[in-house]
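Scroll down for the structure; my scribbles are underneath it.
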Amino acid sequence: MALIKEIVQEALTIGYLSVVAEDQLRSQLQSNYDSEDLDAWIILQRAIAAGDVKLESRRKKASPSPKAKDTSSSIKLAYQMAAELAYAAAVALTMTKNTKDQPSLGA
């Protein structure tokens with residue numbers, strides 16, 4: 001299985017994070033990682049929030065209706081991105097701390 005840093009580097013290079021790569025990241029973050037991996041994951045989250053990296057949708061995409069308004073699809077996209085960011089934050093907050101090689105914040 002690829003290291004977190006490798007998965008993040010690929011996503012940053014191609015500007016896209018697949019569901020498979022996202023699942024690999026989640027698995028790695030639940031098992032073993034070091035401070036460099038955690039830094040890479042944070043950089044990836046910032047790139048996703050900035051729109052530099054796109055996430056593959058976990059649900060089947062329906063073909064848009066020709067009558068659909070750009071405004072409504074922009075609002076839907078904004079809600080989807082907000083939900084994905086909230087999920088990423090929740091995952092980060094519930095992760096067990098890896099005490100080995102973990103940087104100290106403010107100490």
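We name chains A, B, ... following the order of the structure tokens; residues begin at 1 in each chain, and ligands are numbered from 1 as shown.
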List the spatial neighbours of Gln9 in chain A as a short mmCIF file (atom, residue, chain, number, x, y, z; two decimals) with N, CA, C and O atoms, in the first residue's frame - criterion: any atom at most 12 Å away, only C-alpha atoms, same-chain residues fewer than 6 positions off excluded.
data_model
loop_
_atom_site.label_atom_id
_atom_site.label_comp_id
_atom_site.auth_asym_id
_atom_site.auth_seq_id
_atom_site.Cartn_x
_atom_site.Cartn_y
_atom_site.Cartn_z
N ALA A 2 0.48 2.25 -0.74
CA ALA A 2 1.27 3.47 -0.89
C ALA A 2 1.26 4.28 0.41
O ALA A 2 0.32 4.24 1.19
N LEU A 3 2.35 4.98 0.61
CA LEU A 3 2.45 5.87 1.76
C LEU A 3 1.59 7.10 1.55
O LEU A 3 1.30 7.49 0.41
N GLY A 15 -4.07 16.80 -9.77
CA GLY A 15 -5.21 17.64 -9.41
C GLY A 15 -6.49 16.87 -9.16
O GLY A 15 -7.58 17.41 -9.31
N TYR A 16 -6.35 15.61 -8.77
CA TYR A 16 -7.53 14.75 -8.62
C TYR A 16 -7.24 13.68 -7.57
O TYR A 16 -6.15 13.12 -7.54
N LEU A 17 -8.23 13.40 -6.72
CA LEU A 17 -8.10 12.35 -5.72
C LEU A 17 -9.24 11.35 -5.94
O LEU A 17 -10.42 11.69 -5.78
N ALA A 21 -7.88 6.13 -3.85
CA ALA A 21 -6.78 6.80 -3.16
C ALA A 21 -7.25 7.38 -1.83
O ALA A 21 -6.53 7.32 -0.82
N LEU A 25 -5.78 6.55 1.85
CA LEU A 25 -5.38 7.56 2.83
C LEU A 25 -6.04 7.31 4.17
O LEU A 25 -5.39 7.35 5.22
N ASP A 37 3.81 12.55 7.00
CA ASP A 37 2.54 12.09 6.41
C ASP A 37 1.39 13.00 6.83
O ASP A 37 0.55 13.36 6.01
N ASP A 39 1.59 16.13 7.76
CA ASP A 39 1.76 17.41 7.07
C ASP A 39 1.27 17.31 5.63
O ASP A 39 0.59 18.22 5.13
N ALA A 40 1.59 16.20 4.96
CA ALA A 40 1.15 16.00 3.57
C ALA A 40 -0.37 15.95 3.49
O ALA A 40 -0.99 16.53 2.60
N TRP A 41 -1.00 15.27 4.47
CA TRP A 41 -2.46 15.17 4.48
C TRP A 41 -3.10 16.55 4.67
O TRP A 41 -4.09 16.88 4.02
N ILE A 43 -1.76 19.42 3.80
CA ILE A 43 -1.56 20.14 2.53
C ILE A 43 -2.61 19.71 1.52
O ILE A 43 -3.17 20.55 0.79
N LEU A 44 -2.92 18.42 1.48
CA LEU A 44 -3.94 17.92 0.56
C LEU A 44 -5.30 18.51 0.89
O LEU A 44 -6.05 18.93 0.00
N ALA A 47 -5.45 21.96 -0.38
CA ALA A 47 -5.56 21.98 -1.84
C ALA A 47 -6.98 21.65 -2.28
O ALA A 47 -7.50 22.24 -3.23
N VAL A 53 -7.35 20.50 -6.03
CA VAL A 53 -7.50 19.06 -6.18
C VAL A 53 -8.99 18.75 -6.10
O VAL A 53 -9.68 19.20 -5.19
#
Which one of A:Leu55, A:Met95, A:Ala90, A:Leu85 sits closest to Tyr33 in chain A if you count only C-alpha atoms?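 Ranked by minimum distance to Tyr33 in chain A, first place goes to A:Met95.
The gap separating CA of Ile75 in chain A from CA of Ala11 in chain A is 24.9 Å, in Å to one decimal.
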